[in-house]
$ cat run_24.json   # JSON, C-alpha atoms and all ligand atoms
[["chain", "number", "residue", "atom", "x", "y", "z"],
["A", 1, "MET", "CA", 6.92, 122.31, 244.51],
["A", 2, "ALA", "CA", 8.88, 125.38, 243.32],
["A", 3, "GLU", "CA", 9.49, 127.94, 246.09],
["A", 4, "TYR", "CA", 9.18, 131.72, 245.81],
["A", 5, "LEU", "CA", 12.86, 132.79, 245.89],
["A", 6, "PHE", "CA", 12.52, 136.12, 247.70],
["A", 7, "ASP", "CA", 10.18, 135.04, 250.49],
["A", 8, "ASN", "CA", 8.87, 137.66, 252.89],
["A", 9, "THR", "CA", 10.33, 136.12, 256.05],
["A", 10, "ALA", "CA", 13.84, 137.33, 255.12],
["A", 11, "ALA", "CA", 15.34, 140.41, 256.78],
["A", 12, "GLN", "CA", 15.66, 142.03, 253.31],
["A", 13, "SER", "CA", 11.96, 142.05, 252.45],
["A", 14, "PRO", "CA", 11.04, 145.49, 253.96],
["A", 15, "ASP", "CA", 13.87, 147.05, 251.93],
["A", 16, "ARG", "CA", 12.69, 145.22, 248.80],
["A", 17, "PHE", "CA", 9.13, 146.50, 249.24],
["A", 18, "SER", "CA", 10.39, 150.00, 249.94],
["A", 19, "ALA", "CA", 12.59, 150.03, 246.78],
["A", 20, "LEU", "CA", 9.75, 148.68, 244.61],
["A", 21, "GLU", "CA", 7.36, 151.28, 246.01],
["A", 22, "THR", "CA", 9.79, 154.16, 245.41],
["A", 23, "CYS", "CA", 10.69, 153.05, 241.89],
["A", 24, "TYR", "CA", 7.33, 151.85, 240.60],
["A", 25, "ASP", "CA", 4.32, 153.02, 242.66],
["A", 26, "HIS", "CA", 4.05, 156.26, 240.67],
["A", 27, "VAL", "CA", 3.92, 154.21, 237.45],
["A", 28, "THR", "CA", 1.24, 151.88, 238.82],
["A", 29, "GLN", "CA", -0.83, 154.75, 240.18],
["A", 30, "ASP", "CA", -0.69, 156.60, 236.82],
["A", 31, "ASN", "CA", -1.74, 153.44, 235.01],
["A", 32, "LEU", "CA", -4.65, 152.77, 237.36],
["A", 33, "MET", "CA", -5.84, 156.39, 237.26],
["A", 34, "ARG", "CA", -5.77, 156.31, 233.45],
["A", 35, "LEU", "CA", -7.94, 153.19, 233.61],
["A", 36, "GLY", "CA", -10.47, 155.20, 235.61],
["A", 37, "VAL", "CA", -10.32, 153.50, 239.00],
["A", 38, "GLY", "CA", -12.51, 155.54, 241.29],
["A", 39, "VAL", "CA", -15.25, 155.88, 243.86],
["A", 40, "GLY", "CA", -17.25, 152.74, 244.61],
["A", 41, "TRP", "CA", -15.01, 150.19, 242.85],
["A", 42, "ASN", "CA", -14.44, 146.77, 244.44],
["A", 43, "CYS", "CA", -10.80, 145.81, 243.98],
["A", 44, "LEU", "CA", -8.53, 142.84, 244.59],
["A", 45, "GLU", "CA", -4.81, 143.46, 245.07],
["A", 46, "VAL", "CA", -2.99, 140.11, 244.71],
["A", 47, "GLY", "CA", 0.40, 139.58, 246.41],
["A", 48, "GLY", "CA", 0.12, 143.06, 247.93],
["A", 49, "GLY", "CA", 3.41, 142.79, 249.87],
["A", 50, "GLY", "CA", 4.08, 145.91, 251.96],
["A", 51, "GLY", "CA", 0.61, 147.27, 251.22],
["A", 52, "SER", "CA", 1.30, 150.69, 249.68],
["A", 53, "LEU", "CA", -0.85, 150.03, 246.62],
["A", 54, "GLY", "CA", -3.67, 148.46, 248.64],
["A", 55, "THR", "CA", -3.83, 151.61, 250.76],
["A", 56, "TRP", "CA", -3.64, 153.87, 247.71],
["A", 57, "LEU", "CA", -6.47, 151.93, 246.07],
["A", 58, "ALA", "CA", -8.57, 152.06, 249.26],
["A", 59, "ASP", "CA", -8.24, 155.87, 249.29],
["A", 60, "ALA", "CA", -9.06, 156.02, 245.56],
["A", 61, "VAL", "CA", -12.30, 153.99, 245.83],
["A", 62, "GLY", "CA", -13.49, 155.73, 249.01],
["A", 63, "PRO", "CA", -15.93, 154.48, 251.66],
["A", 64, "THR", "CA", -18.43, 153.13, 249.10],
["A", 65, "GLY", "CA", -15.74, 150.96, 247.52],
["A", 66, "SER", "CA", -13.60, 148.19, 248.95],
["A", 67, "VAL", "CA", -10.17, 146.63, 248.56],
["A", 68, "LEU", "CA", -9.20, 143.06, 249.41],
["A", 69, "LEU", "CA", -5.41, 142.71, 249.64],
["A", 70, "THR", "CA", -4.15, 139.13, 249.61],
["A", 71, "ASP", "CA", -0.65, 137.72, 250.01],
["A", 72, "ILE", "CA", 0.81, 134.35, 250.92],
["A", 73, "ALA", "CA", 2.71, 136.25, 253.66],
["A", 74, "PRO", "CA", 1.21, 139.73, 254.13],
["A", 75, "LYS", "CA", 3.63, 142.34, 255.50],
["A", 76, "MET", "CA", 1.53, 145.50, 255.76],
["A", 77, "ALA", "CA", 3.66, 148.38, 256.98],
["A", 78, "PRO", "CA", 2.21, 150.24, 260.02],
["A", 79, "GLY", "CA", -0.12, 153.16, 259.32],
["A", 80, "ARG", "CA", -1.51, 151.66, 256.12],
["A", 81, "GLU", "CA", -4.75, 150.30, 257.60],
["A", 82, "ARG", "CA", -8.01, 151.64, 256.16],
["A", 83, "GLU", "CA", -11.69, 150.94, 257.01],
["A", 84, "ASN", "CA", -12.39, 149.73, 253.47],
["A", 85, "LEU", "CA", -9.19, 147.66, 253.16],
["A", 86, "THR", "CA", -9.17, 143.97, 254.17],
["A", 87, "VAL", "CA", -5.88, 142.08, 254.35],
["A", 88, "GLU", "CA", -5.94, 138.28, 254.03],
["A", 89, "ARG", "CA", -3.31, 135.60, 254.04],
["A", 90, "HIS", "CA", -4.13, 133.74, 250.83],
["A", 91, "ASP", "CA", -2.31, 131.60, 248.28],
["A", 92, "ILE", "CA", -3.42, 132.69, 244.84],
["A", 93, "VAL", "CA", -2.48, 129.29, 243.38],
["A", 94, "ASN", "CA", -4.48, 127.06, 245.72],
["A", 95, "ASP", "CA", -6.98, 129.00, 247.86],
["A", 96, "ASP", "CA", -10.57, 129.76, 246.87],
["A", 97, "LEU", "CA", -11.43, 132.99, 245.14],
["A", 98, "PRO", "CA", -14.91, 134.56, 244.96],
["A", 99, "GLU", "CA", -16.49, 134.53, 241.49],
["A", 100, "ALA", "CA", -17.51, 137.57, 239.42],
["A", 101, "SER", "CA", -16.84, 139.95, 242.31],
["A", 102, "PHE", "CA", -14.30, 142.61, 241.36],
["A", 103, "ASP", "CA", -14.31, 145.70, 239.14],
["A", 104, "LEU", "CA", -10.50, 145.63, 239.18],
["A", 105, "ILE", "CA", -7.90, 143.00, 239.96],
["A", 106, "HIS", "CA", -4.33, 144.29, 240.11],
["A", 107, "SER", "CA", -1.15, 142.36, 240.74],
["A", 108, "ARG", "CA", 2.47, 143.46, 240.43],
["A", 109, "LEU", "CA", 5.47, 141.12, 240.27],
["A", 110, "VAL", "CA", 3.65, 138.06, 241.57],
["A", 111, "LEU", "CA", 2.67, 135.82, 238.62],
["A", 112, "LEU", "CA", 6.24, 136.13, 237.29],
["A", 113, "HIS", "CA", 7.32, 133.95, 240.22],
["A", 114, "LEU", "CA", 4.56, 131.33, 239.98],
["A", 115, "PRO", "CA", 5.01, 128.28, 237.72],
["A", 116, "GLU", "CA", 1.19, 128.07, 237.54],
["A", 117, "ARG", "CA", 0.94, 131.64, 236.18],
["A", 118, "GLN", "CA", -1.38, 130.88, 233.23],
["A", 119, "GLN", "CA", -3.84, 128.96, 235.45],
["A", 120, "VAL", "CA", -3.68, 131.75, 238.05],
["A", 121, "LEU", "CA", -4.41, 134.31, 235.33],
["A", 122, "GLU", "CA", -7.45, 132.26, 234.27],
["A", 123, "ARG", "CA", -8.66, 132.05, 237.91],
["A", 124, "LEU", "CA", -8.33, 135.82, 238.20],
["A", 125, "VAL", "CA", -10.54, 136.24, 235.12],
["A", 126, "THR", "CA", -13.34, 134.26, 236.81],
["A", 127, "ALA", "CA", -13.08, 136.54, 239.86],
["A", 128, "LEU", "CA", -13.74, 139.64, 237.71],
["A", 129, "LYS", "CA", -17.23, 141.01, 237.23],
["A", 130, "PRO", "CA", -18.23, 140.98, 233.54],
["A", 131, "GLY", "CA", -16.54, 144.08, 232.09],
["A", 132, "GLY", "CA", -14.10, 144.27, 235.02],
["A", 133, "TRP", "CA", -10.40, 145.04, 234.49],
["A", 134, "LEU", "CA", -7.40, 142.81, 235.08],
["A", 135, "VAL", "CA", -4.10, 144.73, 235.35],
["A", 136, "LEU", "CA", -0.89, 142.71, 235.60],
["A", 137, "GLU", "CA", 2.43, 144.51, 236.01],
["A", 138, "GLU", "CA", 5.49, 142.39, 235.47],
["A", 139, "PHE", "CA", 9.21, 142.78, 234.79],
["A", 140, "ASP", "CA", 11.10, 141.71, 231.74],
["A", 141, "CYS", "CA", 14.25, 140.82, 233.70],
["A", 142, "GLU", "CA", 16.12, 140.01, 230.48],
["A", 143, "TRP", "CA", 16.38, 143.64, 229.34],
["A", 144, "THR", "CA", 18.65, 145.36, 231.87],
["A", 145, "PRO", "CA", 21.54, 146.67, 229.75],
["A", 146, "VAL", "CA", 24.41, 148.39, 231.55],
["A", 147, "LEU", "CA", 24.22, 152.01, 230.30],
["A", 148, "ASP", "CA", 27.56, 153.23, 231.70],
["A", 149, "ALA", "CA", 30.31, 151.68, 233.79],
["A", 150, "PRO", "CA", 33.72, 152.67, 235.17],
["A", 151, "ASN", "CA", 35.33, 149.97, 232.98],
["A", 152, "ALA", "CA", 34.59, 146.86, 230.92],
["A", 153, "ALA", "CA", 35.28, 144.53, 233.88],
["A", 154, "ALA", "CA", 32.55, 146.25, 235.91],
["A", 155, "ARG", "CA", 30.07, 145.76, 233.06],
["A", 156, "ASP", "CA", 30.99, 142.06, 232.87],
["A", 157, "LEU", "CA", 30.73, 141.68, 236.65],
["A", 158, "PHE", "CA", 27.20, 143.11, 236.70],
["A", 159, "ASN", "CA", 26.10, 140.84, 233.86],
["A", 160, "LYS", "CA", 27.66, 137.77, 235.50],
["A", 161, "VAL", "CA", 26.15, 138.25, 238.96],
["A", 162, "HIS", "CA", 22.77, 139.40, 237.63],
["A", 163, "GLY", "CA", 22.74, 136.46, 235.23],
["A", 164, "ALA", "CA", 23.28, 134.10, 238.18],
["A", 165, "VAL", "CA", 20.32, 135.69, 240.04],
["A", 166, "LEU", "CA", 18.10, 135.15, 236.98],
["A", 167, "GLN", "CA", 19.25, 131.54, 236.82],
["A", 168, "LEU", "CA", 18.23, 131.02, 240.47],
["A", 169, "LEU", "CA", 14.85, 132.63, 239.77],
["A", 170, "SER", "CA", 14.29, 130.36, 236.77],
["A", 171, "GLU", "CA", 15.26, 127.28, 238.79],
["A", 172, "ALA", "CA", 12.68, 128.33, 241.39],
["A", 173, "GLY", "CA", 9.98, 128.32, 238.70],
["A", 174, "ALA", "CA", 9.94, 132.00, 237.67],
["A", 175, "ASP", "CA", 9.54, 133.16, 234.08],
["A", 176, "VAL", "CA", 12.05, 136.02, 234.11],
["A", 177, "ALA", "CA", 10.75, 137.28, 230.74],
["A", 178, "TRP", "CA", 7.09, 137.00, 231.82],
["A", 179, "GLY", "CA", 6.54, 140.74, 231.26],
["A", 180, "ARG", "CA", 6.80, 140.27, 227.50],
["A", 181, "ASN", "CA", 4.45, 137.26, 227.61],
["A", 182, "VAL", "CA", 1.52, 138.74, 229.56],
["A", 183, "GLN", "CA", -0.28, 140.38, 226.65],
["A", 184, "ALA", "CA", -0.47, 137.04, 224.77],
["A", 185, "ALA", "CA", -1.44, 135.21, 227.98],
["A", 186, "MET", "CA", -4.35, 137.61, 228.50],
["A", 187, "THR", "CA", -5.57, 137.11, 224.94],
["A", 188, "LYS", "CA", -5.26, 133.34, 225.40],
["A", 189, "ALA", "CA", -7.41, 133.62, 228.54],
["A", 190, "GLY", "CA", -10.23, 135.16, 226.45],
["A", 191, "LEU", "CA", -9.94, 138.73, 227.74],
["A", 192, "ALA", "CA", -10.98, 141.72, 225.62],
["A", 193, "ASP", "CA", -9.37, 145.13, 224.97],
["A", 194, "VAL", "CA", -5.87, 143.84, 225.78],
["A", 195, "SER", "CA", -3.08, 146.46, 225.69],
["A", 196, "SER", "CA", 0.29, 147.10, 227.32],
["A", 197, "THR", "CA", 2.66, 149.92, 228.20],
["A", 198, "THR", "CA", 6.27, 149.69, 229.35],
["A", 199, "TYR", "CA", 8.19, 151.87, 231.80],
["A", 200, "ALA", "CA", 11.95, 151.97, 232.31],
["A", 201, "GLU", "CA", 14.55, 154.50, 233.47],
["A", 202, "SER", "CA", 18.27, 154.64, 234.24],
["A", 203, "TRP", "CA", 19.43, 153.58, 237.70],
["A", 204, "SER", "CA", 22.77, 155.09, 238.83],
["A", 205, "GLY", "CA", 24.95, 153.49, 241.51],
["A", 206, "GLY", "CA", 23.83, 154.61, 244.96],
["A", 207, "SER", "CA", 20.18, 155.06, 243.96],
["A", 208, "THR", "CA", 17.11, 153.32, 245.35],
["A", 209, "GLY", "CA", 16.95, 151.38, 242.09],
["A", 210, "THR", "CA", 20.40, 149.79, 242.44],
["A", 211, "SER", "CA", 19.56, 149.03, 246.10],
["A", 212, "LEU", "CA", 16.99, 146.55, 244.74],
["A", 213, "HIS", "CA", 19.84, 144.55, 243.19],
["A", 214, "ARG", "CA", 21.64, 144.74, 246.52],
["A", 215, "VAL", "CA", 18.79, 143.38, 248.67],
["A", 216, "ASN", "CA", 18.04, 140.65, 246.15],
["A", 217, "THR", "CA", 21.65, 139.44, 245.99],
["A", 218, "GLU", "CA", 22.05, 139.71, 249.78],
["A", 219, "GLN", "CA", 18.99, 137.51, 250.28],
["A", 220, "VAL", "CA", 20.28, 134.78, 247.97],
["A", 221, "ALA", "CA", 24.02, 135.22, 248.69],
["A", 222, "ALA", "CA", 24.44, 131.61, 249.88],
["A", 223, "GLN", "CA", 22.84, 130.22, 246.70],
["A", 224, "LEU", "CA", 24.99, 132.55, 244.54],
["A", 225, "LEU", "CA", 28.13, 131.23, 246.26],
["A", 226, "ASP", "CA", 26.91, 127.67, 245.63],
["A", 227, "ALA", "CA", 26.41, 128.60, 241.97],
["A", 228, "GLY", "CA", 30.07, 129.61, 241.66],
["A", 229, "ILE", "CA", 29.99, 133.38, 242.26],
["A", 230, "THR", "CA", 32.93, 134.10, 244.60],
["A", 231, "GLN", "CA", 32.67, 136.11, 247.81],
["A", 232, "ASP", "CA", 35.10, 138.67, 246.28],
["A", 233, "SER", "CA", 32.88, 139.04, 243.19],
["A", 234, "LEU", "CA", 29.82, 139.59, 245.38],
["A", 235, "GLN", "CA", 31.65, 142.22, 247.42],
["A", 236, "GLU", "CA", 32.81, 143.99, 244.22],
["A", 237, "PHE", "CA", 29.25, 143.81, 242.87],
["A", 238, "TRP", "CA", 27.88, 145.50, 246.01],
["A", 239, "THR", "CA", 30.60, 148.19, 245.79],
["A", 240, "LEU", "CA", 29.71, 148.76, 242.11],
["A", 241, "LEU", "CA", 26.02, 149.24, 243.01],
["A", 242, "ASP", "CA", 27.09, 152.25, 245.12],
["A", 243, "ASP", "CA", 29.36, 153.76, 242.43],
["A", 244, "PRO", "CA", 27.64, 156.74, 240.72],
["A", 245, "SER", "CA", 29.64, 156.12, 237.52],
["A", 246, "PHE", "CA", 27.81, 152.80, 237.14],
["A", 247, "VAL", "CA", 24.41, 153.11, 235.42],
["A", 248, "VAL", "CA", 22.05, 150.28, 234.52],
["A", 249, "ASN", "CA", 18.63, 150.20, 232.94],
["A", 250, "SER", "CA", 15.89, 149.60, 235.47],
["A", 251, "TYR", "CA", 13.86, 146.45, 235.17],
["A", 252, "PRO", "CA", 11.28, 147.36, 232.52],
["A", 253, "LEU", "CA", 7.83, 147.20, 234.11],
["A", 254, "ILE", "CA", 5.27, 146.05, 231.55],
["A", 255, "THR", "CA", 1.72, 146.94, 232.47],
["A", 256, "ALA", "CA", -0.83, 144.79, 230.66],
["A", 257, "ARG", "CA", -4.52, 145.51, 231.02],
["A", 258, "ALA", "CA", -7.64, 143.80, 229.70],
["A", 259, "ARG", "CA", -11.35, 143.40, 230.42],
["A", 260, "ARG", "CA", -13.48, 140.38, 231.10],
["A", 261, "GLN", "CA", -16.03, 140.10, 228.30],
["A", 262, "ALA", "CA", -19.24, 141.82, 229.40],
["B", 301, "LIG", "C1", 8.17, 140.74, 244.46],
["B", 301, "LIG", "S1", 6.95, 140.82, 245.73],
["B", 301, "LIG", "C2", 5.91, 142.11, 245.07],
["B", 301, "LIG", "C3", 5.12, 142.80, 246.15],
["B", 301, "LIG", "C4", 4.17, 143.90, 245.65],
["B", 301, "LIG", "N1", 3.16, 143.35, 244.74],
["B", 301, "LIG", "C5", 4.94, 145.00, 244.96],
["B", 301, "LIG", "O1", 4.95, 145.06, 243.73],
["B", 301, "LIG", "O2", 5.55, 145.83, 245.67],
["B", 301, "LIG", "C6", 5.97, 139.37, 245.45],
["B", 301, "LIG", "C7", 4.85, 139.18, 246.46],
["B", 301, "LIG", "O3", 4.06, 138.06, 246.04],
["B", 301, "LIG", "C8", 3.74, 137.29, 247.19],
["B", 301, "LIG", "N2", 3.46, 135.90, 246.78],
["B", 301, "LIG", "C9", 4.34, 134.96, 246.36],
["B", 301, "LIG", "N3", 3.70, 133.81, 246.09],
["B", 301, "LIG", "C10", 2.38, 134.02, 246.33],
["B", 301, "LIG", "C11", 1.20, 133.22, 246.24],
["B", 301, "LIG", "N4", 1.27, 131.94, 245.85],
["B", 301, "LIG", "N5", -0.01, 133.77, 246.59],
["B", 301, "LIG", "C12", -0.07, 135.07, 246.99],
["B", 301, "LIG", "N6", 1.02, 135.88, 247.10],
["B", 301, "LIG", "C13", 2.22, 135.37, 246.77],
["B", 301, "LIG", "C14", 4.97, 137.41, 248.06],
["B", 301, "LIG", "O4", 4.71, 137.06, 249.41],
["B", 301, "LIG", "C15", 5.35, 138.88, 247.87],
["B", 301, "LIG", "O5", 4.71, 139.72, 248.79]]
$ encode --input "run_24.json" --output "structure tokens"
Amino acid sequence: MAEYLFDNTAAQSPDRFSALETCYDHVTQDNLMRLGVGVGWNCLEVGGGGGSLGTWLADAVGPTGSVLLTDIAPKMAPGRERENLTVERHDIVNDDLPEASFDLIHSRLVLLHLPERQQVLERLVTALKPGGWLVLEEFDCEWTPVLDAPNAAARDLFNKVHGAVLQLLSEAGADVAWGRNVQAAMTKAGLADVSSTTYAESWSGGSTGTSLHRVNTEQVAAQLLDAGITQDSLQEFWTLLDDPSFVVNSYPLITARARRQA
């Protein structure tokens, strides 16, 4: 079976969660507020990781609402507990899900990693109440152009090392372009009112954004060496990620939303 490449037992995972939260939570929160999430909603947060969005949702739905946060390896940061927030260890591919139970199911950067993503999407639809919303937020990892670099060699180095990371992800069963495929997958699953928005920004060397590339490459350094990236190249890559004259496009986060037919 394909294995999730960036598993949560690694020392890098708190830094990954923290970078994702800093770079993308404001986007997710805007998207969910625009959708109208509010008091009394019952929500499922799938692959909730460090828990920031589960906690935010719990505060948004208030004491008459509820949030179930699931993850194959939950890593809730301290202080994020709430009365109306339940955290469960749960594998979204294989474990049971309640039927027709949620007003909102949200998941960010989880289905991208799962080879069974279309079946998981279809399972999530059955867990929605009629008229309930499914919101999937996923990267298109194939659109990360270098926007500025100290020289042409630096640009090539980024593309080479990042390309090797994407290759490892693909070999582990990820669809690195899944973001651009979600809208069609939702339509295929019979959902209504399907639409998408995309968010991206520039990440300069030394920023929280480029630190995401650092933690990811640190976690899979051994596999990158096996794939032919040299130790010197990795070291130069990490130095480049701290160089303010290096600027790369963030991973575009594509937010796709749709409703279960009422
Ligand atoms: C890239 S992290 C994203 C975390 C969080 N959603 C965020 O955006 O900050 C992917 C998360 O999916 C979880 N995950 C991976 N495979 C899973 C599965 N089969 N069932 C549930 N969660 C899974 C991982 O443990 C990890 O917490």
$ axis_aligned_box --input "run_24.json" --around "region 134-139 of chain A" --padding-each-side "8 Å" --output "lines of an AutoDock Vina configuration file"
center_x = 0.9
center_y = 143.6
center_z = 235.4
size_x = 32.6
size_y = 18.3
size_z = 17.2
$ residues_near_ligand --input "run_24.json" --ligand "ligand LIG 301 (chain B)" --cutoff "8 Å" --atoms "only C-alpha atoms and all ligand atoms" --output "mmCIF file with C-alpha atoms, in the coordinates of the input"
data_model
loop_
_atom_site.group_PDB
_atom_site.id
_atom_site.type_symbol
_atom_site.label_atom_id
_atom_site.label_comp_id
_atom_site.auth_asym_id
_atom_site.auth_seq_id
_atom_site.Cartn_x
_atom_site.Cartn_y
_atom_site.Cartn_z
ATOM 1 C CA TYR A 4 9.180 131.720 245.810
ATOM 2 C CA PHE A 6 12.520 136.120 247.700
ATOM 3 C CA ASP A 7 10.180 135.040 250.490
ATOM 4 C CA ASN A 8 8.870 137.660 252.890
ATOM 5 C CA ARG A 16 12.690 145.220 248.800
ATOM 6 C CA PHE A 17 9.130 146.500 249.240
ATOM 7 C CA SER A 18 10.390 150.000 249.940
ATOM 8 C CA LEU A 20 9.750 148.680 244.610
ATOM 9 C CA GLU A 21 7.360 151.280 246.010
ATOM 10 C CA TYR A 24 7.330 151.850 240.600
ATOM 11 C CA ASP A 25 4.320 153.020 242.660
ATOM 12 C CA GLU A 45 -4.810 143.460 245.070
ATOM 13 C CA VAL A 46 -2.990 140.110 244.710
ATOM 14 C CA GLY A 47 0.400 139.580 246.410
ATOM 15 C CA GLY A 48 0.120 143.060 247.930
ATOM 16 C CA GLY A 49 3.410 142.790 249.870
ATOM 17 C CA GLY A 50 4.080 145.910 251.960
ATOM 18 C CA GLY A 51 0.610 147.270 251.220
ATOM 19 C CA SER A 52 1.300 150.690 249.680
ATOM 20 C CA LEU A 53 -0.850 150.030 246.620
ATOM 21 C CA THR A 70 -4.150 139.130 249.610
ATOM 22 C CA ASP A 71 -0.650 137.720 250.010
ATOM 23 C CA ILE A 72 0.810 134.350 250.920
ATOM 24 C CA ALA A 73 2.710 136.250 253.660
ATOM 25 C CA PRO A 74 1.210 139.730 254.130
ATOM 26 C CA LYS A 75 3.630 142.340 255.500
ATOM 27 C CA ARG A 89 -3.310 135.600 254.040
ATOM 28 C CA HIS A 90 -4.130 133.740 250.830
ATOM 29 C CA ASP A 91 -2.310 131.600 248.280
ATOM 30 C CA ILE A 92 -3.420 132.690 244.840
ATOM 31 C CA VAL A 93 -2.480 129.290 243.380
ATOM 32 C CA ASN A 94 -4.480 127.060 245.720
ATOM 33 C CA SER A 107 -1.150 142.360 240.740
ATOM 34 C CA ARG A 108 2.470 143.460 240.430
ATOM 35 C CA LEU A 109 5.470 141.120 240.270
ATOM 36 C CA VAL A 110 3.650 138.060 241.570
ATOM 37 C CA LEU A 111 2.670 135.820 238.620
ATOM 38 C CA HIS A 113 7.320 133.950 240.220
ATOM 39 C CA LEU A 114 4.560 131.330 239.980
#
$ residues_around --input "run_24.json" --residues "Val247 (chain A)" --least-positions-apart "6" --cutoff "10 Å" --atoms "all atoms listed in the file" --output "list in words"
Pro145, Val146, Leu147, Asp148, Ala149, Pro150, Arg155, Ser202, Trp203, Ser204, Gly205, Gly206, Ser207, Thr210, Leu240 and Leu241 of chain A
$ residues_around --input "run_24.json" --residues "region 127-132 of chain A" --least-positions-apart "2" --cutoff "12 Å" --atoms "all atoms listed in the file" --output "count of residues only"
38
$ closest_residue --input "run_24.json" --among "A:Gln219, A:Leu157, A:Glu88, A:Gly40" --to "Thr9 (chain A)" --atoms "only C-alpha atoms"
A:Gln219
$ closest_residue --input "run_24.json" --among "A:Asn151, A:Thr198, A:Asn181, A:Thr230" --to "Asp243 (chain A)" --atoms "all atoms listed in the file"
A:Asn151
$ residues_around --input "run_24.json" --residues "Leu85 (chain A)" --least-positions-apart "2" --cutoff "7 Å" --atoms "all atoms listed in the file" --output "JSON, numbers by chain"
{"A": [58, 66, 67, 68, 81, 82, 83, 87]}
$ closest_residue --input "run_24.json" --among "A:Asp156, A:Glu137, A:Asp30, A:Asp59" --to "Tyr251 (chain A)" --atoms "all atoms listed in the file"
A:Glu137
$ closest_residue --input "run_24.json" --among "A:Ala19, A:Leu225, A:Val161, A:Cys141" --to "Asp175 (chain A)" --atoms "only C-alpha atoms"
A:Cys141
$ atom_distance --input "run_24.json" --atom1 "CA of Ser250 (chain A)" --atom2 "CA of Leu168 (chain A)"
19.4 Å
$ atom_distance --input "run_24.json" --atom1 "CA of Gln231 (chain A)" --atom2 "CA of Ala10 (chain A)"
20.2 Å
$ residues_around --input "run_24.json" --residues "Leu5 (chain A)" --least-positions-apart "5" --cutoff "12 Å" --atoms "all atoms listed in the file" --output "JSON, numbers by chain"
{"A": [10, 13, 110, 112, 113, 114, 165, 166, 167, 168, 169, 170, 171, 172, 173, 174, 216, 217, 219, 220, 221, 223]}
$ closest_residue --input "run_24.json" --among "A:Met76, A:Val215, A:Ala164, A:Val39" --to "Asp15 (chain A)" --atoms "only C-alpha atoms"
A:Val215
$ atom_distance --input "run_24.json" --atom1 "CA of Thr144 (chain A)" --atom2 "CA of Asn159 (chain A)"
8.9 Å
$ closest_residue --input "run_24.json" --among "A:Gly38, A:Ala77, A:Ala153, A:His213" --to "Thr64 (chain A)" --atoms "only C-alpha atoms"
A:Gly38
$ residues_around --input "run_24.json" --residues "Glu142 (chain A)" --least-positions-apart "4" --cutoff "10 Å" --atoms "all atoms listed in the file" --output "list of chain:residue names"
A:His162, A:Gly163, A:Leu166, A:Val176, A:Ala177, A:Trp178, A:Gly179, A:Arg180, A:Tyr251, A:Pro252
$ build_atoms --input "run_24.json" --residues "region 32-41 of chain A" --atoms "N, CA, C and O atoms" --output "compact mmCIF listing (two decimals), in the coordinates of the input"
# COMPACT_ATOMS: atom_id res chain seq x y z
N LEU A 32 -3.32 153.07 236.82
CA LEU A 32 -4.65 152.77 237.36
C LEU A 32 -5.57 153.98 237.25
O LEU A 32 -6.77 153.84 236.99
N MET A 33 -5.00 155.18 237.41
CA MET A 33 -5.84 156.39 237.26
C MET A 33 -6.32 156.53 235.82
O MET A 33 -7.45 156.87 235.55
N ARG A 34 -5.40 156.26 234.87
CA ARG A 34 -5.77 156.31 233.45
C ARG A 34 -6.89 155.33 233.12
O ARG A 34 -7.73 155.58 232.26
N LEU A 35 -6.90 154.22 233.82
CA LEU A 35 -7.94 153.19 233.61
C LEU A 35 -9.28 153.68 234.13
O LEU A 35 -10.34 153.19 233.72
N GLY A 36 -9.23 154.63 235.08
CA GLY A 36 -10.47 155.20 235.61
C GLY A 36 -10.88 154.68 236.97
O GLY A 36 -12.01 154.88 237.39
N VAL A 37 -9.94 154.01 237.68
CA VAL A 37 -10.32 153.50 239.00
C VAL A 37 -10.84 154.66 239.86
O VAL A 37 -10.27 155.75 239.86
N GLY A 38 -11.94 154.43 240.54
CA GLY A 38 -12.51 155.54 241.29
C GLY A 38 -13.56 155.10 242.29
O GLY A 38 -13.67 153.90 242.62
N VAL A 39 -14.32 156.07 242.74
CA VAL A 39 -15.25 155.88 243.86
C VAL A 39 -16.19 154.70 243.62
O VAL A 39 -16.77 154.55 242.54
N GLY A 40 -16.29 153.84 244.64
CA GLY A 40 -17.25 152.74 244.61
C GLY A 40 -16.74 151.45 244.01
O GLY A 40 -17.45 150.43 244.06
N TRP A 41 -15.51 151.44 243.47
CA TRP A 41 -15.01 150.19 242.85
C TRP A 41 -14.66 149.16 243.93
O TRP A 41 -14.19 149.51 245.01
